[in-house]
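See structure below.
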Amino acid sequence: MFSNFLNKKHITMRNIKNLFILSFIIISTLPCFAVDKIQVNNIRVELKTNPVGLDVLKPRFSWKITSKMPNTNQLAYRIMVAESQKDILSEKNLIWDTQIIKDSSSLFVQYNGTKLLSRKTYFWKIKVYTNQGESNWNYGHWSMAFLNSSDWKASWIGSDKISSQDTLIGNTRLSARYLRKEFHSPKGIKSARLYISGLGLYECFINGKKVGNGIFTPAQTEFAKRVYYNVYDVKKLLDEKVNTIGVILGNGRYFPMRTDSAIKTQFPRLLLQLEIIGMDGKTTTVISDESWKITTNGPIRANNEYDGEKYNANLEMKGWDCNRFNDSSWEKAQLVSSPSEKITCQNTPSIRTMERITPISIKELKSGCYIVDMGQNMVGWANVTLYGKKDIPVTMRFSETLNSDGSPYIKNLRTAKATDIYIPSKDGTFQWEPKFTYHGFRFIEITGAEQAPLINDIVGCVNYDEMATLSTFECSDSLLNQLFHNAQWGIKGNYRSFPTDCPQRDERQGWLGDRATGCFGEAYMFDQTLLYEKWLDDMQDSQSTTGAISDVIPTYWEVFSDNITWSSAYMMSAYMLYELRGDRQGIIKHYVSMKKWLYYMKDKYLQDYILTKDTYGDWCMPPENLSIIHSKDPARITDGKVMSTTFFYHILNMMQEFAVIASHPEDVAAYKDLAAKIKDAYNTKYFQSDKGIYDNNTVTANLISLAQGLVPKGYEQKVFDNIVTRIEKDFDSHVSVGVVGIQFLMRTLTDYGRPDLAYTIATQKTFPSWGYMIANGASTIWELWNGNTADPSMNSGNHVMLLGDLMIWYHENLIGIKSCGEGDPFKHFTINPYFAPQLTYLNGSYESPYGKIVSNWEKTGSVLNWRVSVPANTSALIYMPTSSTQHISMNGKPISKYSEIKVVKNGNNKVVLNLPSGNYKFTIN
């Protein structure tokens, strides 16, 4: 079995990306193993696949344990690493051996062996020891990428040639670049690795077959500071004689989609190095250089994210990426400058087509004009099979909504054309999908087709960064189910190698404020760890020399407004990775950069210990009526200094913890002292102790002061009571805060004893509420609470900023799953659901770093049946909604019969049980 595993050759970037968070992380199931056979005493270690192309010197190992035995806990582990299959099997010549380490944690064990080398393949194995027995050895391997700039022998190549149809200023357009190279391979190929970067985007083919399964590669970055390359094992694609490699370069974000000056234009370019090792040990290297041929006269005539893709099938070049193609009309590739001094291996997943959906209807709007309804606002493209006529363009225009006459509503797209065009080269059926564009849409208008499309002729390809979905939710309230669905679709649709604000109009930028607290809710729903690790790098790369951080990262729009409620996402994202994943690396790596930003803000804007700078206010505060976008009522508007000061205080407290984690304890005292002075000054200026309110008593002012720890001791309940009063009386138990306040709304209400009010807000169906969006046809989350009435042209139908802490509340309070421990999340956790009187059942789960946690309950009369799963190597505190253990049974027996269940608390209408790992079925009368 192990030999077969090592001979598994087609390892693509998909394998790399899910495995590494800047370093080596092994968390899921090795696909080449029959997992049910790798166990002793029903103990199984779950691992991930094996990467090529890692460029970090300190890989980190993580794993999960599954066991059919209850109360299974890890006692120790052992990891070995060697340079050959033979050595790892014989346990000789090891370059790292942890020996048996007594430790119960299975997260982020850092490699500490012999220095790793470029291109080298390493073989490892791991065994865990538990109180129920030990596992078998589990095997794997990984390969290093280039660790030194001198490893690159290739040159950047491209062409700055433009055609008459290209546009360099304004709404730009540029033809795709096609490049090719024929080369010889040695007889007997031992291994073959391809190292490639193509800006803005590339697709690579060897002998007519696509390399890898990613799209929109490489990940987009702050190009002047960092450019990614990808690594692929391509042995299976090579012949032992003549081969051809072909690359198509799309524009991506590198060639600007909108610009006022041709001077700013950056043309696509390619860097490629293929290394083939023969059975004789000799290496054949193919590099990008002036020997390559290039043309801009291929079928992709225009491509960008805003406007779509134009494809002319008359210009197809059959066999262009195969041997013996006549490229005499092509030009010699030009040597071009490197876009960045830092060319680094991409350790994040590439975007992929993650799902496919079919339309729910196709209607003929008028003769030859068809409206396709996908039934879901989605992000990606359409794969179409249509009947066309030679040289008659088939046009596909995308929109989120329709006009009253059934035509696409496109005003909210602003200048984005969101249109794909296919020009057939002959009469008949064609199948096509674009390569270098995507759309945010529910509806497609198709014109130019000679026959009406059928349902099965249209496939919606849902594209986002490859990642696992971690949680499930279903309950007896259909609105709550739809809201979870809408949030899930909105979040994943805005993962585009960095988190974006929207996917449809001429924006699609990485606005930090949309994710400050929202990233925690996302972390429950998706394994976006690698994406956020990469985004943290983007933030640091984008930081100005003074320390400022743009509100948009990467800075495709430069918005250095010094708005703290937006730039705080830098710290929030790093803390999310630590608190919910146990990953300290984001804090350690970026601590100096974060400190630089903090002192930049302090020195520039702190006056009398009040942070005076704010740009956006409590953005998208629900207005007083449906006809306006922004509230004009002073009683709803929160002072910007209130928001900026509370956030700065919160970050200072966070930085105290960061300083310890990052081994800078000398900084703690300064942060602590400054935070104390800010708290005193803030309360002196804004707190009215007799009334228990802050400033003008907006819900946001009171809420962010309470949630971020600024309320003087003993006044917390009084401030909270004012929050509740305003929500219930002035807002009729609806959403009462903007983007800043909503980051704390649902959890604070629940933490202070009003989960019923949080539930009411979540299930409202009238303005302003998430349910109002659903009642008006939304299948994702809107940008505006009244996006259908105030100004639909302003409204994005797919935003996530208005979610705030809603998805955190879903998981930590409604489902009730919450970690107890920082630094080792979900090793110990609580299950404490809100058993809403309105619900008859709720099923929820979360795939934690240690395994799947499940909480499914159902009420029947006065009886509650509750199924709980606690993963191996963890324990849980479960909160029972009853006053006595006498009301609780498990599998028909009193819980006192089960010695492994410990009673922690018994009384005050709550029984708290400590559960070891296992599956439980409780009945509560």
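Ligands are numbered from 1 in the order shown, chains are lettered A, B, ... in the order of the structure tokens, and residues start at 1 in each chain.
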Which residues are close to A:Thr385, i.e. within 7 Å by only C-alpha atoms, leaving aside same-chain residues fewer than 6 positions away? Reply as number ranges by chain. A: 429-432, 457-458
Select from stretch 64-137 of chain A every residue with an atom at most 10 Å from any atom of stretch 143-167 of chain A, then for each give the shortest pair of atoms and their distance in Å to one decimal, using only C-alpha atoms, rows by chain and rising number, as a Markdown table.
| residue | atom | partner | partner_atom | distance |
| --- | --- | --- | --- | --- |
| A:Leu116 | CA | A:Met144 | CA | 7.7 |
| A:Leu117 | CA | A:Met144 | CA | 6.8 |
| A:Ser118 | CA | A:Phe146 | CA | 5.0 |
| A:Arg119 | CA | A:Met144 | CA | 4.7 |
| A:Lys120 | CA | A:Met144 | CA | 5.4 |
| A:Thr121 | CA | A:Ser143 | CA | 4.1 |
| A:Tyr122 | CA | A:Ser143 | CA | 6.1 |
| A:Phe123 | CA | A:Ser143 | CA | 8.8 |
Would you save the residues of that selection, restricted to all heavy atoms, as an mmCIF file, in the first residue's frame?
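So the final result, stored in again17.cif, reads:
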data_model
loop_
_atom_site.group_PDB
_atom_site.id
_atom_site.type_symbol
_atom_site.label_atom_id
_atom_site.label_comp_id
_atom_site.auth_asym_id
_atom_site.auth_seq_id
_atom_site.Cartn_x
_atom_site.Cartn_y
_atom_site.Cartn_z
ATOM 1 N N LEU A 116 15.848 22.052 5.525
ATOM 2 C CA LEU A 116 15.216 21.539 4.314
ATOM 3 C C LEU A 116 15.805 22.221 3.086
ATOM 4 O O LEU A 116 16.203 23.386 3.128
ATOM 5 C CB LEU A 116 13.703 21.759 4.373
ATOM 6 C CG LEU A 116 13.003 21.139 5.591
ATOM 7 C CD1 LEU A 116 11.531 21.502 5.609
ATOM 8 C CD2 LEU A 116 13.191 19.628 5.618
ATOM 9 N N LEU A 117 15.814 21.491 1.965
ATOM 10 C CA LEU A 117 16.485 21.961 0.752
ATOM 11 C C LEU A 117 15.507 22.126 -0.401
ATOM 12 O O LEU A 117 14.495 21.423 -0.480
ATOM 13 C CB LEU A 117 17.585 20.963 0.355
ATOM 14 C CG LEU A 117 18.657 20.667 1.418
ATOM 15 C CD1 LEU A 117 19.612 19.602 0.909
ATOM 16 C CD2 LEU A 117 19.403 21.931 1.812
ATOM 17 N N SER A 118 15.841 23.010 -1.308
ATOM 18 C CA SER A 118 15.035 23.229 -2.500
ATOM 19 C C SER A 118 14.828 21.931 -3.268
ATOM 20 O O SER A 118 15.752 21.104 -3.367
ATOM 21 C CB SER A 118 15.710 24.236 -3.431
ATOM 22 O OG SER A 118 15.716 25.528 -2.908
ATOM 23 N N ARG A 119 13.608 21.744 -3.761
ATOM 24 C CA ARG A 119 13.234 20.646 -4.666
ATOM 25 C C ARG A 119 13.205 19.277 -3.989
ATOM 26 O O ARG A 119 12.718 18.312 -4.564
ATOM 27 C CB ARG A 119 14.184 20.556 -5.865
ATOM 28 C CG ARG A 119 14.327 21.810 -6.701
ATOM 29 C CD ARG A 119 15.376 21.575 -7.792
ATOM 30 N NE ARG A 119 15.531 22.661 -8.707
ATOM 31 C CZ ARG A 119 16.335 23.710 -8.499
ATOM 32 N NH1 ARG A 119 17.031 23.776 -7.361
ATOM 33 N NH2 ARG A 119 16.451 24.652 -9.399
ATOM 34 N N LYS A 120 13.711 19.178 -2.801
ATOM 35 C CA LYS A 120 13.877 17.889 -2.140
ATOM 36 C C LYS A 120 12.520 17.320 -1.728
ATOM 37 O O LYS A 120 11.634 18.048 -1.286
ATOM 38 C CB LYS A 120 14.755 18.068 -0.911
ATOM 39 C CG LYS A 120 15.177 16.791 -0.221
ATOM 40 C CD LYS A 120 16.299 16.106 -0.954
ATOM 41 C CE LYS A 120 16.782 14.873 -0.189
ATOM 42 N NZ LYS A 120 17.804 14.135 -0.942
ATOM 43 N N THR A 121 12.351 16.020 -1.863
ATOM 44 C CA THR A 121 11.161 15.326 -1.375
ATOM 45 C C THR A 121 11.480 14.684 -0.034
ATOM 46 O O THR A 121 12.533 14.038 0.128
ATOM 47 C CB THR A 121 10.695 14.259 -2.372
ATOM 48 O OG1 THR A 121 10.316 14.900 -3.594
ATOM 49 C CG2 THR A 121 9.488 13.492 -1.833
ATOM 50 N N TYR A 122 10.569 14.856 0.917
ATOM 51 C CA TYR A 122 10.761 14.322 2.267
ATOM 52 C C TYR A 122 9.617 13.374 2.604
ATOM 53 O O TYR A 122 8.469 13.597 2.213
ATOM 54 C CB TYR A 122 10.839 15.457 3.283
ATOM 55 C CG TYR A 122 12.042 16.338 3.068
ATOM 56 C CD1 TYR A 122 11.952 17.490 2.294
ATOM 57 C CD2 TYR A 122 13.275 15.997 3.613
ATOM 58 C CE1 TYR A 122 13.056 18.295 2.070
ATOM 59 C CE2 TYR A 122 14.390 16.792 3.397
ATOM 60 C CZ TYR A 122 14.282 17.941 2.620
ATOM 61 O OH TYR A 122 15.381 18.729 2.403
ATOM 62 N N PHE A 123 9.952 12.335 3.355
ATOM 63 C CA PHE A 123 9.008 11.289 3.708
ATOM 64 C C PHE A 123 8.824 11.295 5.227
ATOM 65 O O PHE A 123 9.791 11.409 5.976
ATOM 66 C CB PHE A 123 9.522 9.929 3.242
ATOM 67 C CG PHE A 123 9.749 9.864 1.755
ATOM 68 C CD1 PHE A 123 10.923 10.367 1.206
ATOM 69 C CD2 PHE A 123 8.795 9.338 0.913
ATOM 70 C CE1 PHE A 123 11.137 10.324 -0.160
ATOM 71 C CE2 PHE A 123 9.008 9.289 -0.460
ATOM 72 C CZ PHE A 123 10.172 9.787 -0.996
#
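Taking atom CA of A:Leu839 and atom CA of A:Ser779 as the two end points, the separation is 22.5 Å.
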Near-A:Asp321 list (9 Å; only C-alpha atoms; drop same-chain fewer than 4 positions) as a PyMOL selection string: chain A and resi 179-182+205-209+244-247+317+325
Store the residues picked out above in a file with N, CA, C and O atoms, as an mmCIF file, in the first residue's frame.
data_model
loop_
_atom_site.group_PDB
_atom_site.id
_atom_site.type_symbol
_atom_site.label_atom_id
_atom_site.label_comp_id
_atom_site.auth_asym_id
_atom_site.auth_seq_id
_atom_site.Cartn_x
_atom_site.Cartn_y
_atom_site.Cartn_z
ATOM 1 N N LEU A 179 1.147 31.517 -25.575
ATOM 2 C CA LEU A 179 2.567 31.220 -25.684
ATOM 3 C C LEU A 179 2.774 29.721 -25.808
ATOM 4 O O LEU A 179 2.012 28.933 -25.231
ATOM 5 N N ARG A 180 3.813 29.323 -26.530
ATOM 6 C CA ARG A 180 4.077 27.889 -26.706
ATOM 7 C C ARG A 180 5.570 27.621 -26.855
ATOM 8 O O ARG A 180 6.346 28.502 -27.241
ATOM 9 N N LYS A 181 5.918 26.356 -26.544
ATOM 10 C CA LYS A 181 7.307 25.927 -26.655
ATOM 11 C C LYS A 181 7.339 24.409 -26.829
ATOM 12 O O LYS A 181 6.711 23.677 -26.052
ATOM 13 N N GLU A 182 8.043 23.922 -27.861
ATOM 14 C CA GLU A 182 8.265 22.485 -28.026
ATOM 15 C C GLU A 182 9.623 22.127 -27.419
ATOM 16 O O GLU A 182 10.571 22.907 -27.477
ATOM 17 N N PHE A 205 -1.083 24.193 -20.411
ATOM 18 C CA PHE A 205 -1.409 22.918 -21.040
ATOM 19 C C PHE A 205 -0.113 22.238 -21.461
ATOM 20 O O PHE A 205 0.822 22.889 -21.923
ATOM 21 N N ILE A 206 -0.053 20.932 -21.295
ATOM 22 C CA ILE A 206 1.061 20.129 -21.799
ATOM 23 C C ILE A 206 0.487 19.058 -22.706
ATOM 24 O O ILE A 206 -0.388 18.280 -22.291
ATOM 25 N N ASN A 207 0.928 19.080 -23.927
ATOM 26 C CA ASN A 207 0.434 18.135 -24.932
ATOM 27 C C ASN A 207 -1.098 18.143 -25.004
ATOM 28 O O ASN A 207 -1.744 17.098 -25.100
ATOM 29 N N GLY A 208 -1.669 19.338 -24.920
ATOM 30 C CA GLY A 208 -3.110 19.511 -25.078
ATOM 31 C C GLY A 208 -3.933 19.263 -23.839
ATOM 32 O O GLY A 208 -5.152 19.439 -23.866
ATOM 33 N N LYS A 209 -3.310 18.888 -22.728
ATOM 34 C CA LYS A 209 -4.043 18.605 -21.497
ATOM 35 C C LYS A 209 -3.749 19.677 -20.457
ATOM 36 O O LYS A 209 -2.593 20.065 -20.267
ATOM 37 N N THR A 244 4.983 19.529 -26.036
ATOM 38 C CA THR A 244 4.688 20.955 -26.205
ATOM 39 C C THR A 244 4.001 21.470 -24.953
ATOM 40 O O THR A 244 3.086 20.830 -24.422
ATOM 41 N N ILE A 245 4.467 22.619 -24.511
ATOM 42 C CA ILE A 245 3.807 23.294 -23.399
ATOM 43 C C ILE A 245 3.212 24.595 -23.928
ATOM 44 O O ILE A 245 3.844 25.318 -24.699
ATOM 45 N N GLY A 246 1.955 24.840 -23.566
ATOM 46 C CA GLY A 246 1.265 26.046 -24.004
ATOM 47 C C GLY A 246 0.652 26.769 -22.816
ATOM 48 O O GLY A 246 0.190 26.133 -21.867
ATOM 49 N N VAL A 247 0.667 28.082 -22.858
ATOM 50 C CA VAL A 247 0.128 28.893 -21.771
ATOM 51 C C VAL A 247 -0.732 30.006 -22.349
ATOM 52 O O VAL A 247 -0.342 30.644 -23.331
ATOM 53 N N MET A 317 -7.042 28.000 -32.822
ATOM 54 C CA MET A 317 -5.801 27.473 -33.393
ATOM 55 C C MET A 317 -5.683 26.007 -32.989
ATOM 56 O O MET A 317 -5.081 25.690 -31.961
ATOM 57 N N PHE A 325 2.587 21.924 -34.360
ATOM 58 C CA PHE A 325 1.725 23.050 -34.758
ATOM 59 C C PHE A 325 2.581 24.080 -35.506
ATOM 60 O O PHE A 325 3.714 24.369 -35.109
#
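Minimum distance to A:Asn891 across A:Phe922, A:Tyr682, A:Phe484, A:Tyr578 (counting only C-alpha atoms) occurs at A:Phe922.
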